[in-house]
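**Student:** Just one file: input06.txt, with compact mmCIF, C-alpha atoms.
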# COMPACT_ATOMS: atom_id res chain seq x y z
CA MET A 22 -21.86 14.23 26.81
CA PRO A 23 -18.37 15.32 25.69
CA ARG A 24 -17.47 15.57 22.06
CA THR A 25 -14.67 13.36 20.88
CA PRO A 26 -11.51 15.25 21.93
CA SER A 27 -8.93 16.25 19.39
CA ARG A 28 -5.98 13.93 19.94
CA LEU A 29 -2.74 15.62 19.18
CA LEU A 30 0.51 13.87 18.40
CA LEU A 31 2.64 16.77 19.37
CA ALA A 32 0.21 14.52 21.70
CA LEU A 33 3.52 15.10 22.16
CA VAL A 34 0.09 14.94 23.70
CA LEU A 35 2.18 20.44 28.36
CA ALA A 36 1.88 23.34 30.99
CA GLY A 37 0.39 21.80 34.14
CA PRO A 38 -3.27 22.33 34.97
CA LEU A 39 -2.86 26.10 35.13
CA LEU A 40 -3.54 28.02 31.92
CA LEU A 41 -1.11 30.90 31.59
CA SER A 42 -2.25 34.41 30.62
CA PRO A 43 -0.27 35.68 27.62
CA PRO A 44 2.41 38.15 28.67
CA PRO A 45 2.28 41.75 27.40
CA LEU A 46 5.14 40.99 25.01
CA ALA A 47 2.92 38.60 23.05
CA ALA A 48 0.55 41.40 22.14
CA GLN A 49 3.42 43.43 20.72
CA ILE A 50 4.49 40.72 18.25
CA ALA A 51 2.81 40.89 14.88
CA PRO A 52 1.13 37.65 13.73
CA ALA A 53 2.59 35.61 10.89
CA THR A 54 6.13 36.45 12.00
CA ILE A 55 8.85 33.88 11.35
CA ASP A 56 11.52 34.54 13.95
CA ALA A 57 14.84 32.97 12.97
CA GLU A 58 15.79 32.54 16.64
CA ALA A 59 12.62 30.49 17.25
CA ILE A 60 13.50 28.16 14.37
CA GLN A 61 17.10 27.87 15.57
CA ALA A 62 15.92 27.05 19.11
CA LEU A 63 13.67 24.31 17.74
CA THR A 64 16.58 22.91 15.73
CA ARG A 65 18.81 22.92 18.83
CA MET A 66 16.08 21.14 20.78
CA GLY A 67 15.77 18.46 18.10
CA THR A 68 19.53 17.94 18.09
CA ALA A 69 19.57 17.61 21.89
CA LEU A 70 16.75 15.07 21.83
CA ARG A 71 18.35 12.94 19.10
CA ALA A 72 21.67 12.92 20.98
CA LEU A 73 20.16 11.21 24.04
CA PRO A 74 21.20 7.52 24.20
CA HIS A 75 18.48 6.91 26.80
CA PHE A 76 16.12 8.87 29.03
CA SER A 77 13.27 8.66 31.49
CA LEU A 78 10.51 11.23 31.36
CA SER A 79 7.50 11.96 33.55
CA ALA A 80 4.89 14.52 32.58
CA THR A 81 1.84 15.97 34.30
CA THR A 82 -0.85 16.69 31.74
CA SER A 83 -4.16 18.48 31.37
CA THR A 84 -6.48 17.61 28.47
CA GLU A 85 -9.49 19.75 27.62
CA TYR A 86 -12.69 18.01 26.51
CA VAL A 87 -15.57 19.95 24.97
CA LEU A 88 -19.15 19.24 26.05
CA ASP A 89 -22.05 19.34 23.60
CA ASP A 90 -22.99 22.83 24.82
CA GLY A 91 -19.44 24.11 24.20
CA GLN A 92 -18.29 24.07 27.82
CA LYS A 93 -14.70 22.89 28.26
CA ILE A 94 -13.65 20.43 30.95
CA ALA A 95 -9.96 19.96 31.85
CA LEU A 96 -8.97 16.48 33.03
CA PRO A 97 -5.55 15.81 34.59
CA GLY A 98 -3.30 12.86 33.86
CA THR A 99 0.28 11.66 33.71
CA VAL A 100 2.54 10.35 30.97
CA THR A 101 5.71 8.34 31.55
CA TYR A 102 8.37 7.32 29.02
CA ARG A 103 11.47 5.20 29.41
CA VAL A 104 13.52 5.10 26.21
CA LEU A 105 16.61 3.13 25.22
CA GLY A 106 18.32 3.78 21.90
CA PRO A 107 16.42 4.32 18.67
CA ASP A 108 14.04 1.37 18.92
CA HIS A 109 13.16 0.46 22.53
CA PHE A 110 10.64 2.29 24.71
CA PHE A 111 8.04 1.92 27.44
CA ALA A 112 5.16 4.39 27.69
CA GLU A 113 2.45 4.71 30.32
CA ILE A 114 -0.63 6.93 30.06
CA GLN A 115 -2.68 7.22 33.21
CA SER A 116 -5.72 9.15 34.39
CA ASP A 117 -8.94 8.44 36.28
CA GLN A 118 -10.50 7.53 32.93
CA GLN A 119 -7.88 5.13 31.54
CA HIS A 120 -4.60 3.37 32.19
CA ARG A 121 -2.49 2.01 29.32
CA GLN A 122 1.06 0.74 29.02
CA LEU A 123 2.97 0.26 25.76
CA PHE A 124 6.14 -1.77 25.26
CA TYR A 125 8.25 -1.66 22.10
CA ASP A 126 11.40 -3.71 21.46
CA GLY A 127 12.11 -2.74 17.85
CA LYS A 128 10.12 -5.69 16.53
CA ALA A 129 6.82 -5.90 18.39
CA LEU A 130 4.55 -3.37 20.07
CA THR A 131 2.47 -4.56 23.03
CA ILE A 132 -0.44 -2.57 24.44
CA TYR A 133 -1.57 -3.53 27.94
CA SER A 134 -4.47 -2.44 30.15
CA PRO A 135 -3.43 -2.99 33.80
CA ARG A 136 -7.00 -2.47 35.02
CA LEU A 137 -8.59 -4.94 32.62
CA LYS A 138 -5.60 -7.35 32.45
CA TYR A 139 -5.83 -7.55 28.64
CA TYR A 140 -3.01 -7.08 26.16
CA ALA A 141 -2.53 -7.12 22.39
CA THR A 142 0.69 -7.38 20.39
CA LEU A 143 1.61 -6.16 16.92
CA ASP A 144 4.45 -8.34 15.63
CA GLY A 145 6.86 -7.94 12.73
CA LEU A 146 7.16 -4.15 12.85
CA ASN A 147 10.98 -4.08 12.65
CA LYS A 148 11.39 -0.31 12.62
CA SER A 149 12.72 2.52 14.75
CA SER A 150 10.60 4.19 17.41
CA GLN A 151 10.60 7.32 15.27
CA ALA A 152 9.26 5.46 12.22
CA LEU A 153 6.65 3.65 14.32
CA LEU A 154 5.30 6.79 15.95
CA ALA A 155 5.28 8.73 12.69
CA GLU A 156 2.64 6.34 11.33
CA SER A 157 1.08 4.84 14.46
CA ALA A 158 -2.06 7.00 14.38
CA THR A 159 -2.97 6.53 10.72
CA THR A 160 -1.89 2.91 10.30
CA TYR A 161 -2.61 1.38 13.69
CA GLY A 162 -5.02 3.82 15.32
CA ILE A 163 -2.59 4.33 18.24
CA GLU A 164 -2.02 7.94 19.24
CA LEU A 165 0.69 8.41 21.85
CA PRO A 166 0.99 11.68 23.75
CA LEU A 167 4.24 13.58 23.31
CA ALA A 168 5.08 11.49 20.24
CA ASP A 169 6.88 14.46 18.68
CA LEU A 170 9.68 13.93 21.20
CA PHE A 171 10.70 11.16 18.79
CA LEU A 172 10.15 13.25 15.65
CA TRP A 173 11.78 16.59 16.46
CA GLY A 174 15.19 16.79 14.81
CA THR A 175 14.26 14.34 12.03
CA PRO A 176 12.92 14.80 8.47
CA ALA A 177 9.51 13.74 9.82
CA PHE A 178 9.25 17.18 11.46
CA PRO A 179 10.37 19.85 8.96
CA THR A 180 10.91 23.39 10.25
CA ASP A 181 10.13 25.23 7.01
CA GLN A 182 6.34 24.94 7.07
CA PHE A 183 5.39 27.22 9.94
CA GLN A 184 2.83 29.97 9.46
CA SER A 185 4.24 31.74 12.51
CA ALA A 186 7.25 31.23 14.81
CA LEU A 187 7.79 33.61 17.73
CA LEU A 188 10.12 34.13 20.66
CA VAL A 189 7.68 35.12 23.43
CA GLY A 190 10.10 35.64 26.30
CA SER A 191 11.71 33.85 29.23
CA ALA A 192 10.22 31.95 32.18
CA ARG A 193 11.24 29.61 34.99
CA ILE A 194 9.66 26.15 34.86
CA GLY A 195 10.20 24.10 37.99
CA GLY A 196 12.96 26.50 38.95
CA GLU A 197 14.76 26.01 35.63
CA ALA A 198 15.43 28.93 33.26
CA THR A 199 13.70 28.51 29.90
CA HIS A 200 12.82 30.46 26.78
CA HIS A 201 9.21 30.42 25.62
CA TYR A 202 8.38 30.02 21.92
CA ALA A 203 5.06 29.95 20.06
CA PHE A 204 4.40 28.33 16.68
CA ARG A 205 1.47 28.06 14.31
CA GLN A 206 0.95 25.32 11.75
CA PRO A 207 -2.15 24.40 9.75
CA GLY A 208 -4.76 23.26 12.26
CA VAL A 209 -2.75 23.79 15.43
CA ASP A 210 -1.08 26.41 17.60
CA TRP A 211 1.58 25.18 19.99
CA GLN A 212 4.01 26.57 22.51
CA VAL A 213 7.19 25.16 23.98
CA TRP A 214 9.35 26.23 26.88
CA ILE A 215 12.94 25.10 26.19
CA SER A 216 15.58 24.73 28.90
CA ASP A 217 18.47 27.18 28.62
CA ALA A 218 20.81 24.58 30.15
CA THR A 219 19.90 21.36 28.33
CA HIS A 220 17.92 22.61 25.28
CA LEU A 221 15.26 20.00 26.15
CA PRO A 222 11.55 20.92 26.25
CA ARG A 223 10.25 21.56 29.78
CA GLN A 224 6.68 22.54 29.00
CA LEU A 225 4.26 22.28 26.06
CA ALA A 226 0.83 23.68 25.24
CA ILE A 227 -1.06 22.60 22.13
CA THR A 228 -4.33 24.12 20.89
CA SER A 229 -6.32 22.40 18.18
CA HIS A 230 -8.20 24.36 15.50
CA SER A 231 -10.31 21.33 14.52
CA ASP A 232 -12.91 22.29 17.13
CA PRO A 233 -14.21 25.89 17.28
CA ALA A 234 -13.93 25.70 21.08
CA LEU A 235 -10.13 25.43 20.66
CA PRO A 236 -9.36 22.69 23.22
CA THR A 237 -5.85 22.72 24.64
CA TYR A 238 -3.55 19.90 25.74
CA GLN A 239 -0.84 20.85 28.20
CA ALA A 240 2.07 19.11 29.91
CA THR A 241 5.03 19.85 32.12
CA LEU A 242 8.01 17.55 31.48
CA ASN A 243 10.53 16.30 34.03
CA TRP A 244 13.62 14.64 32.58
CA ASP A 245 16.10 12.07 33.90
CA THR A 246 18.87 11.62 31.35
CA ARG A 247 21.44 10.19 33.79
CA ARG A 248 19.89 6.97 35.07
CA ALA A 249 20.63 4.02 32.82
CA VAL A 250 17.65 2.37 31.10
CA THR A 251 17.91 -1.37 30.41
CA ALA A 252 16.11 -3.48 27.82
CA LYS A 253 14.94 -5.80 30.62
CA GLU A 254 12.89 -3.10 32.34
CA LEU A 255 11.20 -2.27 29.02
CA ALA A 256 10.09 -5.87 28.40
CA PHE A 257 6.45 -6.90 28.86
CA ASP A 258 5.63 -9.77 31.23
CA PRO A 259 2.33 -11.39 30.15
CA LYS A 260 1.91 -13.36 33.39
CA GLY A 261 -1.63 -12.99 34.71
CA ALA A 262 -2.88 -11.20 31.59
CA THR A 263 -5.14 -12.35 28.74
CA LYS A 264 -4.10 -11.83 25.13
CA ILE A 265 -6.62 -10.41 22.68
CA VAL A 266 -6.41 -9.73 18.95
CA PHE A 267 -5.36 -6.26 17.85
CA VAL A 268 -6.76 -5.10 14.50
CA PRO A 269 -4.86 -2.15 12.94
CA VAL A 270 -7.14 0.66 11.83
CA ALA A 271 -5.96 0.31 8.22
CA LEU A 272 -7.08 -3.34 8.17
CA ALA A 273 -10.35 -2.60 9.95
CA ALA A 274 -11.21 0.01 7.31
CA GLN A 275 -10.93 -2.65 4.60
CA THR A 276 -13.40 -4.99 6.33
CA THR A 277 -17.17 -4.59 6.17
CA PRO A 278 -19.37 -5.18 9.25
CA ASP A 279 -20.26 -8.70 8.05
CA GLY A 280 -16.58 -9.57 7.62
CA GLU A 281 -16.41 -9.28 3.81
CA ASN A 282 -13.37 -7.57 2.30
Since I need it in another form, could you write the structure as structure tokens?
**Tutor:**
Amino acid sequence: MPRTPSRLLLALVLAGPLLLSPPPLAAQIAPATIDAEAIQALTRMGTALRALPHFSLSATTSTEYVLDDGQKIALPGTVTYRVLGPDHFFAEIQSDQQHRQLFYDGKALTIYSPRLKYYATLDGLNKSSQALLAESATTYGIELPLADLFLWGTPAFPTDQFQSALLVGSARIGGEATHHYAFRQPGVDWQVWISDATHLPRQLAITSHSDPALPTYQATLNWDTRRAVTAKELAFDPKGATKIVFVPVALAAQTTPDGEN
């Protein structure tokens, strides 16, 4: 049986199913280096992301799960986002194991299972997408892949706490010229390939230190920043679905098994 996988918010959730061998340049760079160019590139990426009035994003992902005997299994999936302004988004996470859709309109978050035809809604949130995703895991128990797309370039993702920040080199991702950077923070190593043309991330790889087997989550990102996104296409239609009660993890933790507080 697999161990519970490490779920990463940088979750934003990465490199396609192929694991890349580190280039010779990586071996020449001393660990614990803070490269100013790497920090500047991350800042430029955050600025580019926050400047987008809307975008559509599709990502192919590979998530490693660790079996009880330490063997790692990589399972493919896809992630889709459609985002409008600071407080409207649609997200879809799909694999052979699960299929979930999330709809947020700045006030309510709806989580829907197309296979099971069940949905649950959290009302009265009244906050930006960035504020919601910054606390969604701890408060609501909802961990969205690639959530850091909403946090980069904001105070929720400071750039002065890295243990290491490196410029690795250059690479072409989907035919697009990028620069490859590697970062280390407490508990996680992560890499990002940033487009030379748009300064948007084109590929991510995230390795968790919480498991000694070091499972990695990877994704390759394809952007559409030209097509308009409308609020109507981000709205949830409950027709044919059954509503169930959603209990935030913070509330569930306050309730004993027999229902006493």
**Student:** Would you compute an axis-aligned box for stretch 228-236 of chain A, covering every atom listed for it in the file with 8 Å of margin on each side, and report centre and edge lengths in Å to one decimal as lines of an AutoDock Vina configuration file?
**Tutor:**
center_x = -9.3
center_y = 23.6
center_z = 18.9
size_x = 25.9
size_y = 20.6
size_z = 24.7
**Student:** Measuring atom to atom with all atoms listed in the file, identify which of A:Pro233, A:Gly190, A:Gly162, A:Pro74 is nearest to A:Val87.
**Tutor:** A:Pro233
**Student:** Excluding stretch 103-106 of chain A and any residue of its chain fewer than 3 positions from it, enumerate the residues within 8 Å of it, using only C-alpha atoms, and give them as a list in words.
**Tutor:** Leu73, Pro74, His75, Phe76, Ser77, Leu78, His109, Phe110, Phe111, Ala112, Val250, Thr251, Ala252 and Leu255 of chain A
**Student:** Distance atom CA of A:Tyr86-atom CA of A:Asp117, one decimal place?
**Tutor:**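 Atom CA of A:Asp117 lies at a distance of 14.2 Å from atom CA of A:Tyr86.
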**Student:** So which one's closest to A:Ile55, A:Asp181, A:Glu254, A:Asp210, A:Asp217? Using all atoms listed in the file, please.
**Tutor:**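 Ranking A:Asp181, A:Glu254, A:Asp210, A:Asp217 by distance to A:Ile55, first place goes to A:Asp181.
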**Student:** Might you pull out every residue within 6 Å of A:Trp173, with only C-alpha atoms counted and same-chain residues fewer than 4 positions away left off, and present them as a PyMOL selection string?
**Tutor:** chain A and resi 67+169+178
**Student:** With C-alpha atoms retained, export the selected residues as a PDB file, in the frame of the given file.
**Tutor:**
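Generated output (again-v1.pdb):
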ATOM      1  CA  GLY A  67      15.770  18.460  18.100  1.00  0.00           C
ATOM      2  CA  ASP A 169       6.880  14.460  18.680  1.00  0.00           C
ATOM      3  CA  PHE A 178       9.250  17.180  11.460  1.00  0.00           C
TER       4      PHE A 178
END
